[in-house]
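Undergrad: Below is the file target_28.txt, with compact mmCIF, C-alpha atoms.
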# COMPACT_ATOMS: atom_id res chain seq x y z
CA MET S 14 0.00 0.00 0.00
CA SER S 15 2.95 2.34 -0.23
CA LEU S 16 4.33 4.57 -2.90
CA ALA S 17 6.97 7.25 -2.91
CA SER S 18 7.28 10.36 -4.97
CA THR S 19 7.78 10.39 -8.71
CA ASP S 20 11.23 11.46 -9.81
CA THR S 21 12.98 12.09 -13.08
CA THR S 22 15.98 9.90 -12.26
CA GLU S 23 16.00 6.13 -12.59
CA SER S 24 17.09 5.51 -9.04
CA GLY S 25 14.83 8.14 -7.41
CA PRO S 26 11.51 6.24 -7.24
CA SER S 27 13.03 2.93 -6.20
CA MET S 28 15.18 4.54 -3.52
CA LEU S 29 12.24 6.45 -2.06
CA ALA S 30 10.01 3.38 -2.24
CA ARG S 31 12.58 1.35 -0.32
CA LEU S 32 12.84 4.10 2.31
CA VAL S 33 9.06 4.16 2.75
CA ALA S 34 8.88 0.36 2.92
CA ARG S 35 11.58 0.24 5.59
CA GLN S 36 9.76 2.97 7.49
CA GLU S 37 6.55 0.94 7.47
CA VAL S 38 8.35 -2.17 8.74
CA ALA S 39 9.95 -0.12 11.53
CA LEU S 40 6.56 1.35 12.46
CA LEU S 41 4.94 -2.09 12.52
CA LEU S 42 7.68 -3.39 14.83
CA CYS S 43 7.25 -0.32 17.02
CA LEU S 44 3.50 -0.95 17.25
CA ILE S 45 4.09 -4.60 18.19
CA LEU S 46 6.58 -3.55 20.88
CA VAL S 47 4.16 -0.98 22.32
CA ILE S 48 1.36 -3.56 22.50
CA ALA S 49 3.70 -6.19 23.97
CA PHE S 50 5.06 -3.80 26.60
CA PHE S 51 1.67 -2.66 27.88
CA SER S 52 0.28 -6.19 27.70
CA PHE S 53 2.69 -7.10 30.50
CA THR S 54 2.58 -3.84 32.45
CA ALA S 55 -0.99 -2.49 32.18
CA GLU S 56 -3.88 -4.44 33.61
CA ASN S 57 -6.54 -5.59 31.10
CA PHE S 58 -4.64 -3.96 28.23
CA PHE S 59 -4.39 -7.05 26.06
CA SER S 60 -8.06 -7.97 25.87
CA VAL S 61 -10.45 -8.13 22.96
CA ARG S 62 -12.63 -5.43 24.48
CA ASN S 63 -9.76 -3.00 25.06
CA ILE S 64 -8.17 -3.62 21.66
CA THR S 65 -11.44 -3.05 19.83
CA ASN S 66 -12.14 0.03 21.97
CA VAL S 67 -8.76 1.46 20.94
CA LEU S 68 -9.61 0.80 17.30
CA GLY S 69 -12.88 2.67 17.78
CA GLN S 70 -11.09 5.59 19.44
CA ALA S 71 -8.47 5.64 16.68
CA SER S 72 -11.11 5.67 13.93
CA LEU S 73 -11.57 9.46 14.03
CA ALA S 74 -7.85 10.23 13.63
CA LEU S 75 -7.51 7.45 11.07
CA THR S 76 -10.37 8.74 8.93
CA ALA S 77 -9.27 12.38 9.02
CA GLY S 78 -5.62 11.32 8.78
CA ILE S 79 -6.19 9.89 5.30
CA GLY S 80 -7.06 13.33 3.97
CA CYS S 81 -4.35 15.03 6.02
CA ALA S 82 -1.72 12.63 4.65
CA ILE S 83 -2.90 13.15 1.06
CA VAL S 84 -2.62 16.93 1.45
CA PHE S 85 0.85 16.54 2.99
CA ILE S 86 1.99 14.28 0.15
CA SER S 87 0.79 16.91 -2.33
CA GLY S 88 3.17 19.38 -0.66
CA GLU S 89 0.60 21.35 1.35
CA VAL S 90 -0.84 21.32 4.89
CA ASP S 91 -4.34 21.36 6.35
CA ILE S 92 -4.75 22.28 10.02
CA SER S 93 -8.43 23.25 9.82
CA ILE S 94 -9.76 19.73 10.35
CA GLY S 95 -10.24 20.02 14.12
CA SER S 96 -12.46 23.07 13.83
CA LEU S 97 -14.30 21.46 10.93
CA LEU S 98 -15.27 18.56 13.22
CA ALA S 99 -17.02 21.02 15.53
CA THR S 100 -18.57 23.09 12.75
CA ILE S 101 -20.21 20.33 10.69
CA ALA S 102 -21.95 19.18 13.87
CA LEU S 103 -24.21 22.24 13.64
CA PRO S 104 -25.90 21.53 10.28
CA LEU S 105 -25.93 17.83 11.12
CA ILE S 106 -27.74 18.23 14.46
CA ILE S 107 -29.98 21.11 13.39
CA ILE S 108 -31.21 19.36 10.23
CA MET S 109 -31.75 16.03 12.00
CA ASN S 110 -33.66 17.72 14.82
CA ASP S 111 -35.85 19.65 12.35
CA THR S 112 -36.50 16.88 9.80
CA ASN S 113 -35.90 13.68 11.77
CA SER S 114 -33.91 12.53 8.73
CA LEU S 115 -30.42 11.04 8.99
CA VAL S 116 -29.90 11.27 5.22
CA LEU S 117 -30.66 15.00 5.14
CA GLY S 118 -28.52 15.64 8.22
CA ILE S 119 -25.48 13.85 6.83
CA SER S 120 -26.02 15.48 3.42
CA GLY S 121 -26.01 18.93 5.05
CA ALA S 122 -22.81 18.12 6.94
CA LEU S 123 -21.08 16.81 3.81
CA LEU S 124 -22.17 19.87 1.83
CA PHE S 125 -20.67 22.16 4.45
CA GLY S 126 -17.46 20.11 4.47
CA LEU S 127 -17.33 20.32 0.68
CA ILE S 128 -17.63 24.12 0.84
CA ILE S 129 -14.73 24.36 3.30
CA GLY S 130 -12.63 22.07 1.11
CA VAL S 131 -13.39 24.24 -1.92
CA VAL S 132 -12.45 27.40 -0.03
CA ASN S 133 -9.19 25.95 1.30
CA GLY S 134 -8.33 24.44 -2.06
CA TYR S 135 -9.14 27.52 -4.13
CA LEU S 136 -7.28 29.97 -1.90
CA THR S 137 -4.23 27.69 -1.84
CA ALA S 138 -4.10 26.29 -5.36
CA TYR S 139 -5.55 29.11 -7.44
CA ALA S 140 -5.11 32.26 -5.32
CA GLY S 141 -1.58 31.21 -4.38
CA ILE S 142 -1.90 31.81 -0.63
CA ASN S 143 0.24 29.64 1.66
CA SER S 144 -1.82 26.64 2.78
CA LEU S 145 -0.71 26.99 6.40
CA ILE S 146 -2.08 30.54 6.49
CA VAL S 147 -5.28 29.59 4.66
CA THR S 148 -6.16 26.65 6.90
CA LEU S 149 -5.07 28.52 10.02
CA GLY S 150 -7.52 31.25 9.03
CA THR S 151 -10.42 28.90 8.33
CA MET S 152 -9.60 27.06 11.55
CA PHE S 153 -10.08 30.24 13.60
CA ILE S 154 -13.12 31.39 11.60
CA MET S 155 -14.94 28.08 12.07
CA ARG S 156 -14.04 27.72 15.75
CA GLY S 157 -15.09 31.29 16.46
CA GLY S 158 -18.31 30.81 14.51
CA VAL S 159 -19.21 27.75 16.54
CA TYR S 160 -18.56 29.62 19.79
CA LEU S 161 -20.76 32.50 18.64
CA TYR S 162 -23.62 30.35 17.37
CA THR S 163 -23.79 27.96 20.33
CA GLY S 164 -23.04 30.52 23.03
CA GLN S 165 -20.63 27.86 24.33
CA ARG S 166 -23.57 25.54 25.07
CA ALA S 167 -24.06 22.06 23.68
CA ILE S 168 -26.89 21.51 21.18
CA PRO S 169 -28.34 18.04 21.95
CA ASP S 170 -29.33 15.43 19.38
CA ASP S 171 -33.05 15.46 20.13
CA ALA S 172 -33.84 13.23 17.14
CA ALA S 173 -31.82 10.36 18.67
CA LEU S 174 -32.17 8.21 15.54
CA ASP S 175 -31.20 4.59 16.15
CA SER S 176 -29.33 4.37 12.84
CA PHE S 177 -27.23 7.40 13.80
CA ILE S 178 -26.46 6.21 17.32
CA ALA S 179 -25.35 2.89 15.82
CA LEU S 180 -22.38 4.71 14.24
CA SER S 181 -21.00 5.03 17.75
CA ASP S 182 -22.45 2.09 19.67
CA GLY S 183 -22.84 -0.51 16.91
CA ARG S 184 -20.28 -3.27 16.39
CA LEU S 185 -19.68 -5.58 13.44
CA PHE S 186 -20.22 -9.19 14.60
CA ASN S 187 -20.70 -7.60 18.02
CA VAL S 188 -16.92 -7.06 18.20
CA VAL S 189 -15.47 -4.37 15.91
CA PRO S 190 -16.97 -0.84 16.18
CA TYR S 191 -18.66 0.37 13.00
CA SER S 192 -16.56 3.53 13.16
CA ALA S 193 -13.42 1.39 12.87
CA VAL S 194 -14.93 -0.53 9.96
CA ILE S 195 -15.67 2.74 8.15
CA ALA S 196 -12.11 3.96 8.73
CA ILE S 197 -10.57 0.70 7.49
CA VAL S 198 -12.71 0.66 4.34
CA LEU S 199 -11.82 4.28 3.56
CA LEU S 200 -8.14 3.55 4.19
CA ALA S 201 -8.22 0.59 1.78
CA VAL S 202 -9.98 2.60 -0.94
CA PHE S 203 -7.66 5.60 -0.78
CA ALA S 204 -4.53 3.46 -0.39
CA TYR S 205 -5.52 1.72 -3.63
CA VAL S 206 -6.05 5.07 -5.35
CA MET S 207 -2.69 6.41 -4.15
CA GLN S 208 -0.79 3.33 -5.33
CA HIS S 209 -2.60 2.10 -8.39
CA ARG S 210 -4.58 4.96 -9.93
CA PRO S 211 -3.20 7.79 -12.10
CA PHE S 212 -4.52 10.47 -9.74
CA GLY S 213 -2.53 8.98 -6.87
CA ARG S 214 0.65 9.11 -8.93
CA GLN S 215 -0.13 12.71 -9.82
CA ILE S 216 -0.36 13.60 -6.11
CA TYR S 217 3.09 12.13 -5.46
CA ALA S 218 4.52 13.85 -8.53
CA VAL S 219 3.08 17.24 -7.56
CA GLY S 220 4.34 16.92 -3.98
CA GLY S 221 7.77 15.70 -5.07
CA ASN S 222 8.46 18.44 -7.62
CA PRO S 223 5.59 20.70 -8.80
CA GLU S 224 7.58 22.18 -11.69
CA VAL S 225 8.57 18.79 -13.08
CA ALA S 226 4.97 17.61 -12.64
CA ARG S 227 3.74 20.65 -14.57
CA LEU S 228 6.20 20.01 -17.40
CA ALA S 229 5.01 16.39 -17.46
CA GLY S 230 1.52 17.65 -18.23
CA TYR S 231 -0.09 17.44 -14.80
CA ASP S 232 -2.50 20.18 -13.71
CA VAL S 233 -0.75 21.00 -10.43
CA ARG S 234 -3.39 23.45 -9.20
CA ARG S 235 -6.25 21.04 -9.93
CA VAL S 236 -4.51 18.20 -8.09
CA LYS S 237 -3.94 20.31 -4.98
CA PHE S 238 -7.48 21.69 -5.14
CA ILE S 239 -8.95 18.17 -5.12
CA CYS S 240 -6.66 17.09 -2.27
CA PHE S 241 -8.11 19.80 -0.01
CA ILE S 242 -11.65 18.72 -0.90
CA ILE S 243 -10.80 15.11 -0.03
CA SER S 244 -9.31 16.23 3.29
CA ALA S 245 -12.37 18.29 4.23
CA LEU S 246 -14.84 15.54 3.30
CA LEU S 247 -12.95 12.88 5.26
CA ALA S 248 -12.74 15.23 8.26
CA THR S 249 -16.50 15.68 7.89
CA VAL S 250 -17.00 11.91 8.06
CA ALA S 251 -14.90 11.85 11.24
CA GLY S 252 -17.01 14.70 12.62
CA ILE S 253 -20.25 12.84 11.92
CA ILE S 254 -18.94 9.83 13.86
CA LEU S 255 -17.86 12.11 16.71
CA VAL S 256 -21.33 13.67 16.96
CA ALA S 257 -22.88 10.19 17.06
CA ARG S 258 -20.49 9.37 19.89
CA VAL S 259 -21.13 12.43 22.09
CA GLY S 260 -24.80 12.92 21.14
CA SER S 261 -24.58 16.68 20.65
CA ALA S 262 -22.90 19.57 18.85
CA GLN S 263 -20.26 21.05 21.16
CA HIS S 264 -18.07 24.10 20.75
CA THR S 265 -15.08 22.21 22.17
CA ALA S 266 -15.42 19.25 19.80
CA GLY S 267 -12.24 18.51 17.89
CA LEU S 268 -10.18 20.94 19.97
CA ASN S 269 -6.48 20.24 19.19
CA PHE S 270 -7.60 17.29 17.06
CA GLU S 271 -5.64 18.63 14.09
CA PHE S 272 -2.39 18.40 16.04
CA GLN S 273 -3.06 14.79 17.01
CA VAL S 274 -3.65 13.92 13.36
CA VAL S 275 -0.59 15.82 12.14
CA ALA S 276 1.53 14.14 14.82
CA ALA S 277 0.36 10.68 13.76
CA THR S 278 0.82 11.51 10.08
CA VAL S 279 4.39 12.71 10.55
CA LEU S 280 5.16 9.79 12.85
CA GLY S 281 3.85 7.55 10.07
CA GLY S 282 6.57 8.77 7.73
CA VAL S 283 4.60 11.27 5.61
CA SER S 284 7.07 14.02 4.75
CA LEU S 285 6.31 17.63 5.61
CA ALA S 286 8.16 18.54 2.42
CA GLY S 287 5.73 16.55 0.28
CA GLY S 288 6.09 13.67 -2.15
CA ILE S 289 7.06 10.98 0.37
CA GLY S 290 4.95 8.73 2.57
CA SER S 291 2.09 6.28 2.53
CA LEU S 292 -1.37 5.93 4.01
CA THR S 293 -0.29 2.64 5.57
CA GLY S 294 2.45 4.45 7.46
CA MET S 295 -0.02 7.12 8.57
CA ALA S 296 -2.38 4.42 9.88
CA LEU S 297 0.45 2.78 11.82
CA GLY S 298 1.35 6.19 13.28
CA VAL S 299 -2.25 6.67 14.46
CA LEU S 300 -2.34 3.22 16.06
CA ILE S 301 1.01 3.68 17.80
CA LEU S 302 -0.07 6.94 19.42
CA GLN S 303 -3.52 5.55 20.31
CA PHE S 304 -2.20 2.37 21.91
CA LEU S 305 0.53 4.36 23.65
CA SER S 306 -2.04 6.77 25.12
CA ASN S 307 -4.29 3.89 26.18
CA GLY S 308 -1.42 2.03 27.80
CA LEU S 309 -0.12 5.07 29.66
CA ARG S 310 -3.62 5.68 31.04
CA GLY S 311 -3.71 2.06 32.12
CA LEU S 312 -0.50 2.63 34.06
CA GLY S 313 -2.05 5.65 35.75
CA LEU S 314 0.33 8.14 34.18
CA PRO S 315 -1.00 11.72 34.42
CA THR S 316 -2.25 13.34 31.22
CA GLU S 317 0.51 15.95 31.47
CA TRP S 318 3.17 13.28 31.09
CA GLN S 319 1.28 11.72 28.20
CA LEU S 320 1.49 15.09 26.43
CA VAL S 321 5.21 15.38 27.16
CA ILE S 322 5.89 11.92 25.75
CA THR S 323 3.76 12.60 22.67
CA GLY S 324 5.64 15.86 22.07
CA MET S 325 8.98 14.08 22.28
CA ILE S 326 7.75 11.50 19.77
CA ILE S 327 6.66 14.25 17.37
CA ILE S 328 10.06 15.96 17.51
CA ALA S 329 11.84 12.64 16.97
CA ALA S 330 9.55 11.82 14.04
CA VAL S 331 10.18 15.20 12.37
CA ALA S 332 13.94 14.82 12.88
CA PHE S 333 13.78 11.37 11.30
CA ASP S 334 11.69 12.77 8.43
CA GLU S 335 14.30 15.43 7.70
CA ALA S 336 17.13 12.88 7.82
CA LYS S 337 15.17 10.61 5.47
CA ARG S 338 14.51 13.47 3.05
CA ARG S 339 18.18 14.49 2.99
CA ARG S 340 19.23 10.92 2.38
CA ALA S 341 16.71 10.60 -0.46
CA ILE S 342 18.03 13.67 -2.29
CA GLY S 343 21.65 12.89 -1.45
CA VAL S 344 22.35 15.92 0.74
Please rewrite the model in this file as structure tokens.

TA:
Amino acid sequence: MSLASTDTTESGPSMLARLVARQEVALLLCLILVIAFFSFTAENFFSVRNITNVLGQASLALTAGIGCAIVFISGEVDISIGSLLATIALPLIIIMNDTNSLVLGISGALLFGLIIGVVNGYLTAYAGINSLIVTLGTMFIMRGGVYLYTGQRAIPDDAALDSFIALSDGRLFNVVPYSAVIAIVLLAVFAYVMQHRPFGRQIYAVGGNPEVARLAGYDVRRVKFICFIISALLATVAGIILVARVGSAQHTAGLNFEFQVVAATVLGGVSLAGGIGSLTGMALGVLILQFLSNGLRGLGLPTEWQLVITGMIIIAAVAFDEAKRRRAIGV
């Protein structure tokens, strides 16, 4: 499920592909070690119930992380996803409460997510504004809008539709949460696109070297524009699942969520410079951080120390990413 950036040299693609493959193997071993360590040190860690619960908790970051990783690979960034989680809850809850229709509620949420993706993508790809600035701006606008509209009060899901609640409480074969199933299916679909479809190769080419991609005939602006739409829609899906889980629209929903996703994405080997990484690596990064957090809670470690450890992991991952990038270009 991995692919590295397109390059004009013969050795470039194969070298980058080998680096990504080795990164994925290292991440898988790290995940196994984390699970093994806490299985012996944290009570009830290695149980079917806890493992499936962790998968359910990881489903939000995994779903949104797909879009975040795709944007990163294209050479841009999207840090508006946390605020988007909180914002799409408003049309979702309001429409469901007014119409008692899950289809209309989800459609309204997806439409809003699409609009945000179009705004982020247009301002970045066509207006030429730095994507960090664009998504930082939309992040603050959406978060502030939610605070203003809700008056910092939760808006409950009065419709309480069984089919909607099942997104949070339902389990496939009474074991795996539906939210995890949705995340895994989306991961498989987009991993296939990134590896085997022309559009996936275009994303890697654009992120690796936009000028070379342009000369090769790729519409660089169009590719980046679509990547932002994908990111916003996948974040919207994560937001819908979150609302089903908490049963209301809350102004604090998704607070700092974007940083958790970015941390997992970078840990998973997706380069901040673009053109390098895989969705498989991103998924492993999400699982490592989620199992680590779960295990540390099981050991009774205070949340403050969990944040410190996560921060150290992020710095180490970025340092490794830079070393990998330098090695790939021979610097």

Undergrad: Within 6 Å of range 157-174 of chain S, which residues of range 45-114 of chain S show up? Give each one with its shortest atom-to-atom distance in Å (one decimal) and the two atoms involved, counting all atoms listed in the file, rows by chain then rising residue number, as a Markdown table.

TA:
| residue | atom | partner | partner_atom | distance |
| --- | --- | --- | --- | --- |
| S:Ile106 | CA | S:Asp170 | CA | 5.9 |
| S:Asn110 | CA | S:Ala172 | CA | 5.1 |
| S:Asn113 | CA | S:Ala172 | CA | 5.8 |

Undergrad: Can you work out which one of S:Leu314, S:Ala138, S:Ala201, S:Ala102 has the shortest atom-to-atom distance to Cys240 in chain S, counting only C-alpha atoms?

TA: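 Residue with the minimum atom-to-atom distance to Cys240 in chain S: S:Ala138.
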
Undergrad: Using all atoms listed in the file, which of S:Leu255, S:Val38, S:Ala248, S:Met325 sits nearest Cys81 in chain S?

TA: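 Checking each candidate against Cys81 in chain S, we get S:Ala248 as the closest.
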
Undergrad: What's the 9 Å shell around Leu41 in chain S, counting only C-alpha atoms, without same-chain residues fewer than 6 positions away, as a PyMOL selection string?

TA: chain S and resi 294+297+301

Undergrad: When you count all atoms listed in the file, which of these residues is closest to Gly252 in chain S: S:Ile128, S:Ala276, S:Leu40, S:Ala266?

TA: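 That would be S:Ala266, the residue with the smallest distance to Gly252 in chain S.
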
Undergrad: Point out the residue among S:Gly282, S:Pro190, S:Gly308, S:Gly121 with the least atom-to-atom distance to Ala330 in chain S, counting all atoms listed in the file.

TA: S:Gly282

Undergrad: What is the CA of Arg258 in chain S-CA of Leu105 in chain S distance in Å, reported with one decimal?

TA: 13.3 Å

Undergrad: What is the distance between CA of Ser93 in chain S and CA of Thr151 in chain S, in Å to one decimal?

TA: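 Distance reported for this atom pair: 6.2 Å.
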
Undergrad: Kindly output range 186-197 of chain S as an mmCIF file, in the coordinates of the input, after building all heavy atoms.

TA:
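This went into part25.cif:
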data_model
loop_
_atom_site.group_PDB
_atom_site.id
_atom_site.type_symbol
_atom_site.label_atom_id
_atom_site.label_comp_id
_atom_site.auth_asym_id
_atom_site.auth_seq_id
_atom_site.Cartn_x
_atom_site.Cartn_y
_atom_site.Cartn_z
ATOM 1 N N PHE S 186 -20.322 -7.880 13.932
ATOM 2 C CA PHE S 186 -20.220 -9.190 14.600
ATOM 3 C C PHE S 186 -20.140 -9.035 16.124
ATOM 4 O O PHE S 186 -19.553 -9.854 16.824
ATOM 5 C CB PHE S 186 -19.016 -9.980 14.098
ATOM 6 C CG PHE S 186 -19.005 -10.177 12.618
ATOM 7 C CD1 PHE S 186 -17.913 -9.761 11.852
ATOM 8 C CD2 PHE S 186 -20.087 -10.765 11.980
ATOM 9 C CE1 PHE S 186 -17.904 -9.930 10.476
ATOM 10 C CE2 PHE S 186 -20.079 -10.940 10.593
ATOM 11 C CZ PHE S 186 -18.997 -10.526 9.845
ATOM 12 N N ASN S 187 -20.681 -7.895 16.589
ATOM 13 C CA ASN S 187 -20.700 -7.600 18.020
ATOM 14 C C ASN S 187 -19.295 -7.457 18.615
ATOM 15 O O ASN S 187 -19.101 -7.608 19.816
ATOM 16 C CB ASN S 187 -21.461 -8.701 18.785
ATOM 17 C CG ASN S 187 -22.299 -8.131 19.915
ATOM 18 O OD1 ASN S 187 -22.634 -6.957 19.907
ATOM 19 N ND2 ASN S 187 -22.628 -8.960 20.878
ATOM 20 N N VAL S 188 -18.309 -7.157 17.739
ATOM 21 C CA VAL S 188 -16.920 -7.060 18.200
ATOM 22 C C VAL S 188 -16.271 -5.746 17.759
ATOM 23 O O VAL S 188 -15.849 -4.941 18.585
ATOM 24 C CB VAL S 188 -16.075 -8.247 17.668
ATOM 25 C CG1 VAL S 188 -14.608 -8.089 18.091
ATOM 26 C CG2 VAL S 188 -16.624 -9.567 18.179
ATOM 27 N N VAL S 189 -16.186 -5.524 16.452
ATOM 28 C CA VAL S 189 -15.470 -4.370 15.910
ATOM 29 C C VAL S 189 -16.411 -3.184 15.740
ATOM 30 O O VAL S 189 -17.442 -3.313 15.069
ATOM 31 C CB VAL S 189 -14.811 -4.701 14.558
ATOM 32 C CG1 VAL S 189 -13.992 -3.511 14.060
ATOM 33 C CG2 VAL S 189 -13.945 -5.943 14.676
ATOM 34 N N PRO S 190 -16.102 -2.018 16.321
ATOM 35 C CA PRO S 190 -16.970 -0.840 16.180
ATOM 36 C C PRO S 190 -17.168 -0.463 14.710
ATOM 37 O O PRO S 190 -16.227 -0.542 13.915
ATOM 38 C CB PRO S 190 -16.205 0.255 16.932
ATOM 39 C CG PRO S 190 -15.324 -0.476 17.883
ATOM 40 C CD PRO S 190 -14.935 -1.737 17.193
ATOM 41 N N TYR S 191 -18.384 -0.049 14.379
ATOM 42 C CA TYR S 191 -18.660 0.370 13.000
ATOM 43 C C TYR S 191 -17.759 1.512 12.570
ATOM 44 O O TYR S 191 -17.376 1.610 11.399
ATOM 45 C CB TYR S 191 -20.129 0.785 12.874
ATOM 46 C CG TYR S 191 -21.105 -0.367 12.867
ATOM 47 C CD1 TYR S 191 -22.347 -0.256 13.493
ATOM 48 C CD2 TYR S 191 -20.792 -1.566 12.252
ATOM 49 C CE1 TYR S 191 -23.253 -1.307 13.497
ATOM 50 C CE2 TYR S 191 -21.688 -2.633 12.245
ATOM 51 C CZ TYR S 191 -22.918 -2.494 12.870
ATOM 52 O OH TYR S 191 -23.805 -3.540 12.876
ATOM 53 N N SER S 192 -17.424 2.394 13.503
ATOM 54 C CA SER S 192 -16.560 3.530 13.160
ATOM 55 C C SER S 192 -15.192 3.051 12.678
ATOM 56 O O SER S 192 -14.604 3.627 11.754
ATOM 57 C CB SER S 192 -16.389 4.454 14.366
ATOM 58 O OG SER S 192 -15.830 3.767 15.469
ATOM 59 N N ALA S 193 -14.696 1.963 13.292
ATOM 60 C CA ALA S 193 -13.420 1.390 12.870
ATOM 61 C C ALA S 193 -13.547 0.739 11.504
ATOM 62 O O ALA S 193 -12.639 0.831 10.666
ATOM 63 C CB ALA S 193 -12.922 0.382 13.903
ATOM 64 N N VAL S 194 -14.683 0.090 11.266
ATOM 65 C CA VAL S 194 -14.930 -0.530 9.960
ATOM 66 C C VAL S 194 -14.935 0.523 8.862
ATOM 67 O O VAL S 194 -14.329 0.354 7.794
ATOM 68 C CB VAL S 194 -16.263 -1.312 9.959
ATOM 69 C CG1 VAL S 194 -16.570 -1.851 8.569
ATOM 70 C CG2 VAL S 194 -16.223 -2.455 10.964
ATOM 71 N N ILE S 195 -15.621 1.639 9.115
ATOM 72 C CA ILE S 195 -15.670 2.740 8.150
ATOM 73 C C ILE S 195 -14.267 3.257 7.851
ATOM 74 O O ILE S 195 -13.892 3.466 6.685
ATOM 75 C CB ILE S 195 -16.561 3.876 8.674
ATOM 76 C CG1 ILE S 195 -18.021 3.419 8.740
ATOM 77 C CG2 ILE S 195 -16.427 5.127 7.798
ATOM 78 C CD1 ILE S 195 -18.943 4.392 9.450
ATOM 79 N N ALA S 196 -13.469 3.442 8.903
ATOM 80 C CA ALA S 196 -12.110 3.960 8.730
ATOM 81 C C ALA S 196 -11.256 2.989 7.919
ATOM 82 O O ALA S 196 -10.491 3.407 7.035
ATOM 83 C CB ALA S 196 -11.473 4.211 10.100
ATOM 84 N N ILE S 197 -11.372 1.701 8.196
ATOM 85 C CA ILE S 197 -10.570 0.700 7.490
ATOM 86 C C ILE S 197 -10.951 0.628 6.017
ATOM 87 O O ILE S 197 -10.088 0.534 5.133
ATOM 88 C CB ILE S 197 -10.729 -0.679 8.164
ATOM 89 C CG1 ILE S 197 -10.079 -0.655 9.560
ATOM 90 C CG2 ILE S 197 -10.101 -1.783 7.318
ATOM 91 C CD1 ILE S 197 -10.400 -1.874 10.408
#
